[in-house]
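K.L.:
So that you have it, the file is run.cif, and it contains mmCIF, C-alpha atoms and all ligand atoms:
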```cif
data_query
loop_
_atom_site.group_PDB
_atom_site.id
_atom_site.type_symbol
_atom_site.label_atom_id
_atom_site.label_comp_id
_atom_site.auth_asym_id
_atom_site.auth_seq_id
_atom_site.Cartn_x
_atom_site.Cartn_y
_atom_site.Cartn_z
ATOM 1 C CA MET A 1 32.043 10.936 20.994
ATOM 2 C CA ASP A 2 33.957 10.159 17.834
ATOM 3 C CA PRO A 3 31.850 7.629 15.932
ATOM 4 C CA GLU A 4 34.978 6.314 14.197
ATOM 5 C CA ARG A 5 35.897 4.651 17.484
ATOM 6 C CA MET A 6 32.624 2.899 17.948
ATOM 7 C CA ILE A 7 32.001 1.534 14.480
ATOM 8 C CA ILE A 8 32.366 -2.241 14.672
ATOM 9 C CA PRO A 9 34.620 -3.042 11.723
ATOM 10 C CA ASP A 10 32.990 -6.426 11.112
ATOM 11 C CA PHE A 11 29.427 -5.527 12.068
ATOM 12 C CA VAL A 12 28.484 -7.354 8.867
ATOM 13 C CA ARG A 13 30.648 -9.934 7.090
ATOM 14 C CA LEU A 14 30.384 -11.556 3.688
ATOM 15 C CA THR A 15 29.995 -15.299 4.128
ATOM 16 C CA GLU A 16 29.108 -18.162 1.785
ATOM 17 C CA ALA A 17 25.499 -17.967 2.972
ATOM 18 C CA GLY A 18 25.246 -14.209 2.512
ATOM 19 C CA ILE A 19 25.877 -11.008 4.433
ATOM 20 C CA TYR A 20 25.970 -11.933 8.126
ATOM 21 C CA CYS A 21 25.424 -9.629 11.108
ATOM 22 C CA LYS A 22 26.857 -11.423 14.120
ATOM 23 C CA THR A 23 25.564 -8.964 16.699
ATOM 24 C CA GLY A 24 21.989 -9.415 15.508
ATOM 25 C CA ASP A 25 22.531 -13.044 14.385
ATOM 26 C CA PHE A 26 20.759 -12.579 11.056
ATOM 27 C CA TYR A 27 21.625 -12.602 7.368
ATOM 28 C CA LEU A 28 20.932 -9.823 4.902
ATOM 29 C CA ASP A 29 19.780 -11.234 1.539
ATOM 30 C CA PRO A 30 20.979 -14.806 2.210
ATOM 31 C CA GLN A 31 22.038 -16.988 -0.697
ATOM 32 C CA ARG A 32 20.905 -20.185 1.022
ATOM 33 C CA ALA A 33 18.468 -21.261 3.738
ATOM 34 C CA VAL A 34 19.420 -19.709 7.099
ATOM 35 C CA ARG A 35 17.618 -19.266 10.400
ATOM 36 C CA THR A 36 16.920 -15.525 10.218
ATOM 37 C CA ALA A 37 16.791 -13.618 6.936
ATOM 38 C CA VAL A 38 16.285 -9.903 6.401
ATOM 39 C CA VAL A 39 15.457 -9.522 2.710
ATOM 40 C CA SER A 40 15.922 -6.210 0.901
ATOM 41 C CA HIS A 41 13.912 -7.178 -2.200
ATOM 42 C CA ALA A 42 12.607 -10.181 -4.074
ATOM 43 C CA HIS A 43 15.107 -10.572 -6.942
ATOM 44 C CA GLY A 44 16.485 -14.109 -7.095
ATOM 45 C CA ASP A 45 20.022 -13.148 -6.092
ATOM 46 C CA HIS A 46 18.781 -11.584 -2.846
ATOM 47 C CA VAL A 47 16.503 -14.256 -1.465
ATOM 48 C CA ALA A 48 16.804 -17.955 -0.707
ATOM 49 C CA PRO A 49 13.837 -20.222 0.052
ATOM 50 C CA GLY A 50 13.632 -22.339 3.178
ATOM 51 C CA CYS A 51 14.650 -19.819 5.849
ATOM 52 C CA VAL A 52 12.981 -20.059 9.268
ATOM 53 C CA ASP A 53 12.229 -16.405 10.011
ATOM 54 C CA VAL A 54 11.968 -14.027 7.071
ATOM 55 C CA TYR A 55 11.654 -10.246 7.459
ATOM 56 C CA ALA A 56 10.683 -8.145 4.423
ATOM 57 C CA THR A 57 8.299 -5.412 3.298
ATOM 58 C CA PRO A 58 4.747 -6.507 2.357
ATOM 59 C CA PRO A 59 5.284 -6.306 -1.454
ATOM 60 C CA THR A 60 8.587 -8.205 -1.183
ATOM 61 C CA MET A 61 6.833 -10.879 0.863
ATOM 62 C CA ALA A 62 4.083 -11.178 -1.773
ATOM 63 C CA PHE A 63 6.707 -11.721 -4.502
ATOM 64 C CA ILE A 64 8.592 -14.241 -2.351
ATOM 65 C CA GLN A 65 5.392 -16.209 -1.740
ATOM 66 C CA LEU A 66 4.569 -16.149 -5.445
ATOM 67 C CA ARG A 67 8.011 -17.487 -6.329
ATOM 68 C CA TYR A 68 8.600 -20.007 -3.571
ATOM 69 C CA LYS A 69 5.092 -20.910 -2.411
ATOM 70 C CA LYS A 70 5.226 -22.841 0.878
ATOM 71 C CA TYR A 71 9.022 -23.032 0.774
ATOM 72 C CA ALA A 72 9.350 -19.312 1.257
ATOM 73 C CA GLY A 73 10.119 -19.613 4.971
ATOM 74 C CA LYS A 74 8.521 -20.877 8.196
ATOM 75 C CA VAL A 75 7.489 -17.554 9.681
ATOM 76 C CA LEU A 76 7.036 -14.565 7.395
ATOM 77 C CA HIS A 77 7.262 -11.220 9.174
ATOM 78 C CA GLU A 78 5.907 -8.396 7.022
ATOM 79 C CA MET A 79 7.488 -5.127 8.090
ATOM 80 C CA PRO A 80 6.169 -1.921 6.508
ATOM 81 C CA PHE A 81 8.571 0.852 5.595
ATOM 82 C CA GLN A 82 9.715 3.035 8.482
ATOM 83 C CA SER A 83 8.398 0.828 11.277
ATOM 84 C CA SER A 84 11.216 -0.628 13.360
ATOM 85 C CA PHE A 85 11.774 -4.091 14.784
ATOM 86 C CA THR A 86 14.597 -5.575 16.841
ATOM 87 C CA LEU A 87 16.719 -8.674 16.317
ATOM 88 C CA ASN A 88 19.006 -9.508 19.268
ATOM 89 C CA GLY A 89 19.135 -5.865 20.230
ATOM 90 C CA VAL A 90 19.850 -4.537 16.721
ATOM 91 C CA ARG A 91 17.109 -2.112 15.746
ATOM 92 C CA ILE A 92 16.137 -2.514 12.092
ATOM 93 C CA THR A 93 14.097 -0.175 9.882
ATOM 94 C CA PHE A 94 13.265 -0.469 6.171
ATOM 95 C CA TYR A 95 13.425 2.615 3.925
ATOM 96 C CA PRO A 96 12.459 2.641 0.205
ATOM 97 C CA ALA A 97 15.358 1.882 -2.144
ATOM 98 C CA GLY A 98 13.654 2.875 -5.425
ATOM 99 C CA HIS A 99 14.858 -0.282 -7.197
ATOM 100 C CA ILE A 100 11.605 -2.262 -7.670
ATOM 101 C CA LEU A 101 8.280 -2.321 -5.817
ATOM 102 C CA GLY A 102 8.890 -3.101 -2.141
ATOM 103 C CA SER A 103 12.676 -2.814 -2.373
ATOM 104 C CA ALA A 104 14.190 -1.611 0.872
ATOM 105 C CA MET A 105 17.357 -0.175 2.284
ATOM 106 C CA VAL A 106 17.982 -1.707 5.700
ATOM 107 C CA LEU A 107 18.993 0.614 8.529
ATOM 108 C CA MET A 108 20.612 -1.245 11.446
ATOM 109 C CA GLU A 109 21.205 0.641 14.686
ATOM 110 C CA TRP A 110 23.468 -0.697 17.409
ATOM 111 C CA GLU A 111 24.998 1.202 20.316
ATOM 112 C CA GLY A 112 24.312 4.557 18.740
ATOM 113 C CA ILE A 113 25.898 3.720 15.372
ATOM 114 C CA ARG A 114 23.810 3.606 12.209
ATOM 115 C CA TYR A 115 24.707 1.077 9.510
ATOM 116 C CA LEU A 116 22.704 1.443 6.280
ATOM 117 C CA TYR A 117 22.633 -1.453 3.817
ATOM 118 C CA THR A 118 21.295 -0.260 0.472
ATOM 119 C CA GLY A 119 20.528 -3.554 -1.267
ATOM 120 C CA ASP A 120 19.993 -2.667 -4.940
ATOM 121 C CA PHE A 121 18.858 0.918 -5.375
ATOM 122 C CA LYS A 122 18.392 3.695 -7.885
ATOM 123 C CA MET A 123 17.646 7.400 -7.721
ATOM 124 C CA GLN A 124 16.161 7.724 -11.231
ATOM 125 C CA HIS A 125 12.463 8.567 -11.322
ATOM 126 C CA ASP A 126 10.342 5.404 -11.524
ATOM 127 C CA PRO A 127 6.566 5.687 -11.017
ATOM 128 C CA THR A 128 6.208 1.904 -10.556
ATOM 129 C CA CYS A 129 7.905 1.784 -7.166
ATOM 130 C CA GLU A 130 8.340 3.766 -3.981
ATOM 131 C CA THR A 131 10.729 6.727 -4.341
ATOM 132 C CA ILE A 132 14.077 6.163 -2.632
ATOM 133 C CA LEU A 133 14.245 7.687 0.840
ATOM 134 C CA PRO A 134 17.867 8.159 1.918
ATOM 135 C CA VAL A 135 18.620 8.547 5.631
ATOM 136 C CA GLN A 136 21.846 9.562 7.318
ATOM 137 C CA ALA A 137 24.133 6.818 8.596
ATOM 138 C CA ASP A 138 27.662 6.378 9.942
ATOM 139 C CA VAL A 139 28.399 3.411 7.694
ATOM 140 C CA LEU A 140 26.979 3.003 4.205
ATOM 141 C CA ILE A 141 27.050 -0.601 3.000
ATOM 142 C CA THR A 142 26.378 -0.476 -0.694
ATOM 143 C CA GLU A 143 26.486 -2.296 -3.983
ATOM 144 C CA THR A 144 28.956 -0.991 -6.553
ATOM 145 C CA THR A 145 27.469 -2.671 -9.628
ATOM 146 C CA PHE A 146 28.035 0.409 -11.801
ATOM 147 C CA ALA A 147 30.520 2.302 -9.601
ATOM 148 C CA ASP A 148 32.526 3.562 -12.539
ATOM 149 C CA PRO A 149 32.678 7.219 -13.645
ATOM 150 C CA GLN A 150 32.222 5.994 -17.244
ATOM 151 C CA VAL A 151 28.782 4.629 -16.433
ATOM 152 C CA GLN A 152 26.015 7.112 -16.983
ATOM 153 C CA HIS A 153 22.529 5.741 -17.546
ATOM 154 C CA PRO A 154 20.497 7.551 -20.207
ATOM 155 C CA ASP A 155 17.087 9.069 -19.508
ATOM 156 C CA PRO A 156 14.608 6.133 -19.581
ATOM 157 C CA VAL A 157 11.899 8.268 -21.217
ATOM 158 C CA GLU A 158 14.204 9.125 -24.109
ATOM 159 C CA GLU A 159 15.186 5.485 -24.379
ATOM 160 C CA ILE A 160 11.601 4.214 -24.554
ATOM 161 C CA ARG A 161 10.637 6.896 -27.102
ATOM 162 C CA LYS A 162 13.059 5.224 -29.521
ATOM 163 C CA LEU A 163 10.318 2.626 -30.026
ATOM 164 C CA ASN A 164 8.175 5.306 -31.658
ATOM 165 C CA ASP A 165 10.741 5.669 -34.467
ATOM 166 C CA MET A 166 10.847 1.980 -35.331
ATOM 167 C CA GLY A 167 7.874 1.811 -37.695
ATOM 168 C CA GLY A 168 5.106 -0.752 -37.443
ATOM 169 C CA GLN A 169 7.236 -3.883 -37.160
ATOM 170 C CA ASN A 170 6.362 -5.894 -34.066
ATOM 171 C CA ILE A 171 8.867 -5.503 -31.271
ATOM 172 C CA ILE A 172 9.759 -8.182 -28.727
ATOM 173 C CA ILE A 173 11.377 -6.875 -25.575
ATOM 174 C CA GLY A 174 13.142 -9.253 -23.212
ATOM 175 C CA ALA A 175 12.981 -8.184 -19.578
ATOM 176 C CA TYR A 176 13.166 -9.679 -16.112
ATOM 177 C CA VAL A 177 9.653 -10.567 -14.981
ATOM 178 C CA LEU A 178 9.921 -8.703 -11.697
ATOM 179 C CA GLY A 179 10.549 -4.988 -11.788
ATOM 180 C CA LYS A 180 11.877 -4.407 -15.288
ATOM 181 C CA ALA A 181 8.756 -5.749 -17.044
ATOM 182 C CA GLN A 182 6.491 -3.491 -14.972
ATOM 183 C CA ARG A 183 8.679 -0.447 -15.478
ATOM 184 C CA LEU A 184 8.641 -1.031 -19.242
ATOM 185 C CA THR A 185 4.884 -1.550 -19.201
ATOM 186 C CA GLU A 186 4.375 1.859 -17.616
ATOM 187 C CA LEU A 187 6.927 3.559 -19.873
ATOM 188 C CA VAL A 188 5.380 2.146 -23.065
ATOM 189 C CA MET A 189 1.812 2.986 -21.984
ATOM 190 C CA THR A 190 2.801 6.543 -21.119
ATOM 191 C CA HIS A 191 5.293 7.441 -23.856
ATOM 192 C CA CYS A 192 4.377 5.191 -26.809
ATOM 193 C CA PRO A 193 0.582 5.632 -27.029
ATOM 194 C CA GLU A 194 0.471 4.394 -30.650
ATOM 195 C CA LYS A 195 1.901 1.021 -29.681
ATOM 196 C CA LYS A 196 -0.228 -1.958 -28.712
ATOM 197 C CA LEU A 197 1.322 -3.236 -25.526
ATOM 198 C CA ARG A 198 1.188 -6.943 -24.687
ATOM 199 C CA ILE A 199 2.818 -9.006 -21.957
ATOM 200 C CA HIS A 200 3.761 -12.682 -21.660
ATOM 201 C CA TYR A 201 1.432 -14.656 -19.357
ATOM 202 C CA GLN A 202 4.299 -15.275 -16.897
ATOM 203 C CA VAL A 203 4.516 -11.526 -16.280
ATOM 204 C CA LEU A 204 0.843 -11.292 -15.271
ATOM 205 C CA PRO A 205 1.029 -12.601 -11.647
ATOM 206 C CA TYR A 206 3.680 -9.963 -10.875
ATOM 207 C CA GLN A 207 1.510 -7.288 -12.437
ATOM 208 C CA HIS A 208 -1.371 -8.377 -10.187
ATOM 209 C CA ILE A 209 0.811 -7.837 -7.121
ATOM 210 C CA TYR A 210 1.816 -4.383 -8.409
ATOM 211 C CA ASN A 211 -1.863 -3.544 -8.798
ATOM 212 C CA ARG A 212 -2.698 -4.908 -5.351
ATOM 213 C CA PHE A 213 -0.131 -2.539 -3.846
ATOM 214 C CA GLY A 214 -1.596 0.467 -5.609
ATOM 215 C CA MET A 215 0.467 0.619 -8.824
ATOM 216 C CA SER A 216 -2.520 0.981 -11.148
ATOM 217 C CA ASN A 217 -0.172 2.420 -13.808
ATOM 218 C CA VAL A 218 1.099 -1.115 -14.557
ATOM 219 C CA ARG A 219 -1.498 -2.484 -16.982
ATOM 220 C CA GLY A 220 -0.448 -4.863 -19.734
ATOM 221 C CA GLU A 221 -2.716 -7.260 -21.598
ATOM 222 C CA VAL A 222 -1.581 -10.840 -22.109
ATOM 223 C CA LEU A 223 -0.748 -11.575 -25.756
ATOM 224 C CA ASP A 224 -2.997 -13.811 -27.802
ATOM 225 C CA LYS A 225 -0.417 -15.726 -29.926
ATOM 226 C CA LYS A 226 -2.354 -15.063 -33.156
ATOM 227 C CA GLU A 227 -1.728 -11.366 -32.752
ATOM 228 C CA LEU A 228 1.938 -11.686 -33.645
ATOM 229 C CA LYS A 229 0.801 -12.600 -37.165
ATOM 230 C CA THR A 230 -2.346 -10.555 -37.523
ATOM 231 C CA GLU A 231 -1.324 -7.322 -35.798
ATOM 232 C CA GLN A 232 1.293 -4.658 -36.381
ATOM 233 C CA ASN A 233 2.728 -2.091 -34.025
ATOM 234 C CA LEU A 234 2.874 -4.530 -31.097
ATOM 235 C CA VAL A 235 5.300 -4.194 -28.216
ATOM 236 C CA TYR A 236 5.461 -7.604 -26.551
ATOM 237 C CA ILE A 237 7.278 -7.905 -23.203
ATOM 238 C CA VAL A 238 8.605 -11.395 -22.470
ATOM 239 C CA PRO A 239 10.856 -13.082 -19.869
ATOM 240 C CA PRO A 240 14.504 -13.745 -20.820
ATOM 241 C CA MET A 241 13.946 -17.470 -21.614
ATOM 242 C CA THR A 242 11.127 -16.711 -24.023
ATOM 243 C CA TYR A 243 13.165 -13.901 -25.527
ATOM 244 C CA HIS A 244 15.995 -16.319 -26.349
ATOM 245 C CA SER A 245 13.556 -18.692 -28.044
ATOM 246 C CA TYR A 246 12.585 -15.875 -30.449
ATOM 247 C CA LEU A 247 16.141 -14.754 -31.184
ATOM 248 C CA GLN A 248 16.467 -16.580 -34.509
ATOM 249 C CA ARG A 249 13.322 -14.993 -35.884
ATOM 250 C CA ARG A 250 13.927 -12.227 -38.383
ATOM 251 C CA ASP A 251 10.356 -10.977 -38.584
ATOM 252 C CA PHE A 252 10.453 -9.166 -35.241
ATOM 253 C CA ARG A 253 12.617 -6.461 -33.884
ATOM 254 C CA MET A 254 14.384 -7.948 -30.862
ATOM 255 C CA ILE A 255 15.411 -5.798 -27.910
ATOM 256 C CA PHE A 256 16.674 -6.794 -24.472
ATOM 257 C CA ALA A 257 16.110 -4.039 -21.935
ATOM 258 C CA SER A 258 19.066 -3.748 -19.613
ATOM 259 C CA GLY A 259 21.691 -1.429 -18.247
ATOM 260 C CA TRP A 260 24.367 -3.926 -19.258
ATOM 261 C CA GLU A 261 26.214 -3.416 -22.528
ATOM 262 C CA ARG A 262 27.086 -7.121 -22.742
ATOM 263 C CA LEU A 263 23.405 -8.123 -22.777
ATOM 264 C CA GLN A 264 22.817 -6.018 -25.876
ATOM 265 C CA GLU A 265 24.944 -8.061 -28.320
ATOM 266 C CA HIS A 266 22.311 -10.125 -30.166
ATOM 267 C CA ASN A 267 19.671 -7.457 -30.361
ATOM 268 C CA THR A 268 18.465 -5.517 -33.365
ATOM 269 C CA SER A 269 18.179 -2.365 -31.280
ATOM 270 C CA LYS A 270 19.410 -1.222 -27.902
ATOM 271 C CA LEU A 271 17.362 -0.147 -24.944
ATOM 272 C CA PHE A 272 19.354 0.948 -21.907
ATOM 273 C CA ILE A 273 17.044 0.941 -18.956
ATOM 274 C CA SER A 274 18.678 0.157 -15.654
ATOM 275 C CA ASP A 275 17.276 -0.333 -12.182
ATOM 276 C CA HIS A 276 20.684 0.161 -10.598
ATOM 277 C CA ALA A 277 22.363 3.407 -9.637
ATOM 278 C CA ASP A 278 25.006 4.779 -11.990
ATOM 279 C CA TRP A 279 28.093 6.664 -10.819
ATOM 280 C CA ALA A 280 26.343 10.002 -10.358
ATOM 281 C CA GLU A 281 23.407 8.453 -8.485
ATOM 282 C CA LEU A 282 25.741 6.555 -6.160
ATOM 283 C CA ASN A 283 27.558 9.786 -5.369
ATOM 284 C CA ARG A 284 24.266 11.600 -4.804
ATOM 285 C CA LEU A 285 23.244 8.921 -2.326
ATOM 286 C CA ILE A 286 26.574 9.241 -0.519
ATOM 287 C CA GLY A 287 25.982 12.992 -0.318
ATOM 288 C CA GLU A 288 22.627 12.415 1.387
ATOM 289 C CA VAL A 289 23.644 9.593 3.734
ATOM 290 C CA LYS A 290 26.822 11.456 4.799
ATOM 291 C CA PRO A 291 28.640 8.329 6.045
ATOM 292 C CA SER A 292 32.067 8.393 7.660
ATOM 293 C CA GLN A 293 32.768 4.950 6.158
ATOM 294 C CA ILE A 294 31.556 3.097 3.073
ATOM 295 C CA TRP A 295 31.708 -0.680 2.789
ATOM 296 C CA THR A 296 31.220 -1.973 -0.745
ATOM 297 C CA LEU A 297 29.764 -5.247 -2.073
ATOM 298 C CA HIS A 298 28.911 -6.606 -5.553
ATOM 299 C CA GLY A 299 30.980 -5.033 -8.268
ATOM 300 C CA ASP A 300 34.195 -3.147 -7.949
ATOM 301 C CA GLY A 301 34.663 -0.545 -5.213
ATOM 302 C CA ARG A 302 38.190 0.532 -6.213
ATOM 303 C CA GLN A 303 37.201 3.535 -8.323
ATOM 304 C CA LEU A 304 34.966 4.770 -5.547
ATOM 305 C CA ARG A 305 37.798 4.343 -3.052
ATOM 306 C CA SER A 306 40.197 6.470 -5.064
ATOM 307 C CA HIS A 307 37.481 9.037 -5.827
ATOM 308 C CA LEU A 308 36.751 9.533 -2.108
ATOM 309 C CA GLU A 309 40.337 9.287 -0.870
ATOM 310 C CA GLY A 310 40.991 11.725 1.957
ATOM 311 C CA LYS A 311 37.250 12.337 2.429
ATOM 312 C CA ILE A 312 35.522 9.057 3.268
ATOM 313 C CA GLN A 313 37.108 5.700 4.089
ATOM 314 C CA VAL A 314 36.024 3.016 1.604
ATOM 315 C CA HIS A 315 36.414 -0.657 2.542
ATOM 316 C CA ILE A 316 35.814 -3.367 -0.003
ATOM 317 C CA LEU A 317 34.116 -6.327 1.686
ATOM 318 C CA ASN A 318 35.450 -9.674 0.572
ATOM 319 C CA HIS A 319 34.347 -13.183 1.386
ATOM 320 C CA ASP A 320 35.652 -14.644 4.668
HETATM 321 ZN ZN ZN B 1 17.609 -6.369 -7.682
#
```
What is this structure when it is put down as structure tokens?
Ligand SMILES: [Zn+2]
P.N.:
Amino acid sequence: MDPERMIIPDFVRLTEAGIYCKTGDFYLDPQRAVRTAVVSHAHGDHVAPGCVDVYATPPTMAFIQLRYKKYAGKVLHEMPFQSSFTLNGVRITFYPAGHILGSAMVLMEWEGIRYLYTGDFKMQHDPTCETILPVQADVLITETTFADPQVQHPDPVEEIRKLNDMGGQNIIIGAYVLGKAQRLTELVMTHCPEKKLRIHYQVLPYQHIYNRFGMSNVRGEVLDKKELKTEQNLVYIVPPMTYHSYLQRRDFRMIFASGWERLQEHNTSKLFISDHADWAELNRLIGEVKPSQIWTLHGDGRQLRSHLEGKIQVHILNHD
């Protein structure tokens, strides 16, 4: 049978509360408290506290509980990768998305059609999280954060090695506490052995969860404040708020690690390390999933639509 006929055009819809699947009566990555939430990963823009039933992978659940304590949700259902569960007849399976530890792509199967929601993903090598595991689907529902042929992320190893050419001046790196900080920790330990790596105390609880889930390559020591004066050759990883409080200081080299050009303005040096797919990675994923339709969210899907014209239908999902 021609799957084009059976794809439900509004199987998921973008609503104020998040991405809603009416057939299964659940939200993907809700933005506010809802009854049933299927959460792809624990970044703040993908999870809302106060839901009744929350479904996520075990690492994602650990991060959610760390962030929201008892407000995380009423019933937390930990679902390991590649084990399926059913919500109102929709069969759901998590597959690694390669974005941060525990991040999942969500495969939803209904009446023989496979809808794959990527959440945030990347295909770049990252030894601090599960490697992405693409599966085939009829509909690929994906972010288009960097869906622009101009966007090509540099090799993260080459980026981090820049720190080795910066002399002994202490370096402060601003990074999101979940995911980016751990990736940087591993990269610095592995590729900048001369540097003394330190982390901000707020990064430590996340590191503990990484270690608990087997990522023993994420090992940063918490900074003792005196060290900034007494030591040289430090690389100190801090959350964005702390980073901004240091920005006026001229005695450190200030770097914000991001894939976004606009976040690089105030920094003394640039460090482009992204946990999102660039144009080539997005197209590689499409090649592996082999969808007959692509529905895009977050970002701008227009370039992708013209690139795939005549080959794959691309629909840009807008708010209801
Ligand atoms: Zn994310």
K.L.:
Residues picked by the PyMOL selection byres (((chain A and resi 82) around 7) and not hetatm) here, as an MDAnalysis selection string?
P.N.:
chainID A and resid 80:81 83:84 93:95
K.L.:
Using only C-alpha atoms, can you tell me which of A:Leu247, A:Asn164, A:Phe213, A:Leu28 comes closest to A:Val235?
P.N.:
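Distance minimum relative to A:Val235 lands on A:Asn164.
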K.L.:
With ligand ZN 1 (chain B) as the partner and 8 Å as the cut-off, tabulate the residues of chain A that qualify, each row holding the nearest pair of atoms and their distance in Å to one decimal, using all atoms listed in the file, sorted by chain and rising number, as a Markdown table.
P.N.:
```
| residue | atom | partner | partner_atom | distance |
| --- | --- | --- | --- | --- |
| A:His41 | CA | B:ZN1 | ZN | 6.7 |
| A:Ala42 | CA | B:ZN1 | ZN | 7.3 |
| A:His43 | CA | B:ZN1 | ZN | 4.9 |
| A:Gly44 | CA | B:ZN1 | ZN | 7.8 |
| A:Asp45 | CA | B:ZN1 | ZN | 7.4 |
| A:His46 | CA | B:ZN1 | ZN | 7.2 |
| A:His99 | CA | B:ZN1 | ZN | 6.7 |
| A:Ile100 | CA | B:ZN1 | ZN | 7.3 |
| A:Gly119 | CA | B:ZN1 | ZN | 7.6 |
| A:Asp120 | CA | B:ZN1 | ZN | 5.2 |
| A:Phe121 | CA | B:ZN1 | ZN | 7.7 |
| A:Asp275 | CA | B:ZN1 | ZN | 7.5 |
| A:His276 | CA | B:ZN1 | ZN | 7.8 |
```
K.L.:
Can you work out the spacing between atom CA of A:Glu288 and atom CA of A:Gln182 in Å, to one decimal?
P.N.:
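Calculated distance between atom CA of A:Glu288 and atom CA of A:Gln182 is 27.9 Å.
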K.L.:
Would you please work out which residue, of A:Arg161, A:His153, A:Arg13, A:His125, is nearest to A:Asp25 when using only C-alpha atoms?
P.N.:
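Going through A:Arg161, A:His153, A:Arg13, A:His125 one by one, the smallest distance to A:Asp25 is for A:Arg13.
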K.L.:
Can you complete the atoms of stretch 298-311 of chain A to N, CA and C atoms and list them as a short mmCIF file (atom, residue, chain, number, x, y, z; two decimals), keeping the file's coordinate frame?
P.N.:
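Heads up, here's the output in out20.cif:
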```
data_model
loop_
_atom_site.label_atom_id
_atom_site.label_comp_id
_atom_site.auth_asym_id
_atom_site.auth_seq_id
_atom_site.Cartn_x
_atom_site.Cartn_y
_atom_site.Cartn_z
N HIS A 298 29.35 -6.43 -4.16
CA HIS A 298 28.91 -6.61 -5.55
C HIS A 298 29.53 -5.55 -6.47
N GLY A 299 30.39 -5.98 -7.33
CA GLY A 299 30.98 -5.03 -8.27
C GLY A 299 32.38 -4.68 -7.80
N ASP A 300 32.81 -3.52 -8.19
CA ASP A 300 34.20 -3.15 -7.95
C ASP A 300 34.21 -1.79 -7.24
N GLY A 301 34.67 -1.78 -5.99
CA GLY A 301 34.66 -0.55 -5.21
C GLY A 301 35.93 0.29 -5.35
N ARG A 302 36.88 -0.15 -6.21
CA ARG A 302 38.19 0.53 -6.21
C ARG A 302 38.12 1.97 -6.73
N GLN A 303 37.29 2.17 -7.77
CA GLN A 303 37.20 3.54 -8.32
C GLN A 303 36.58 4.48 -7.30
N LEU A 304 35.60 3.95 -6.57
CA LEU A 304 34.97 4.77 -5.55
C LEU A 304 35.98 5.11 -4.45
N ARG A 305 36.80 4.12 -4.10
CA ARG A 305 37.80 4.34 -3.05
C ARG A 305 38.77 5.44 -3.46
N SER A 306 39.25 5.41 -4.70
CA SER A 306 40.20 6.47 -5.06
C SER A 306 39.50 7.82 -5.22
N HIS A 307 38.23 7.79 -5.68
CA HIS A 307 37.48 9.04 -5.83
C HIS A 307 37.28 9.73 -4.46
N LEU A 308 37.07 8.94 -3.42
CA LEU A 308 36.75 9.53 -2.11
C LEU A 308 37.96 9.61 -1.18
N GLU A 309 39.13 9.31 -1.69
CA GLU A 309 40.34 9.29 -0.87
C GLU A 309 40.53 10.61 -0.14
N GLY A 310 40.80 10.52 1.16
CA GLY A 310 40.99 11.72 1.96
C GLY A 310 39.69 12.31 2.48
N LYS A 311 38.55 11.82 1.97
CA LYS A 311 37.25 12.34 2.43
C LYS A 311 36.48 11.28 3.22
#
```
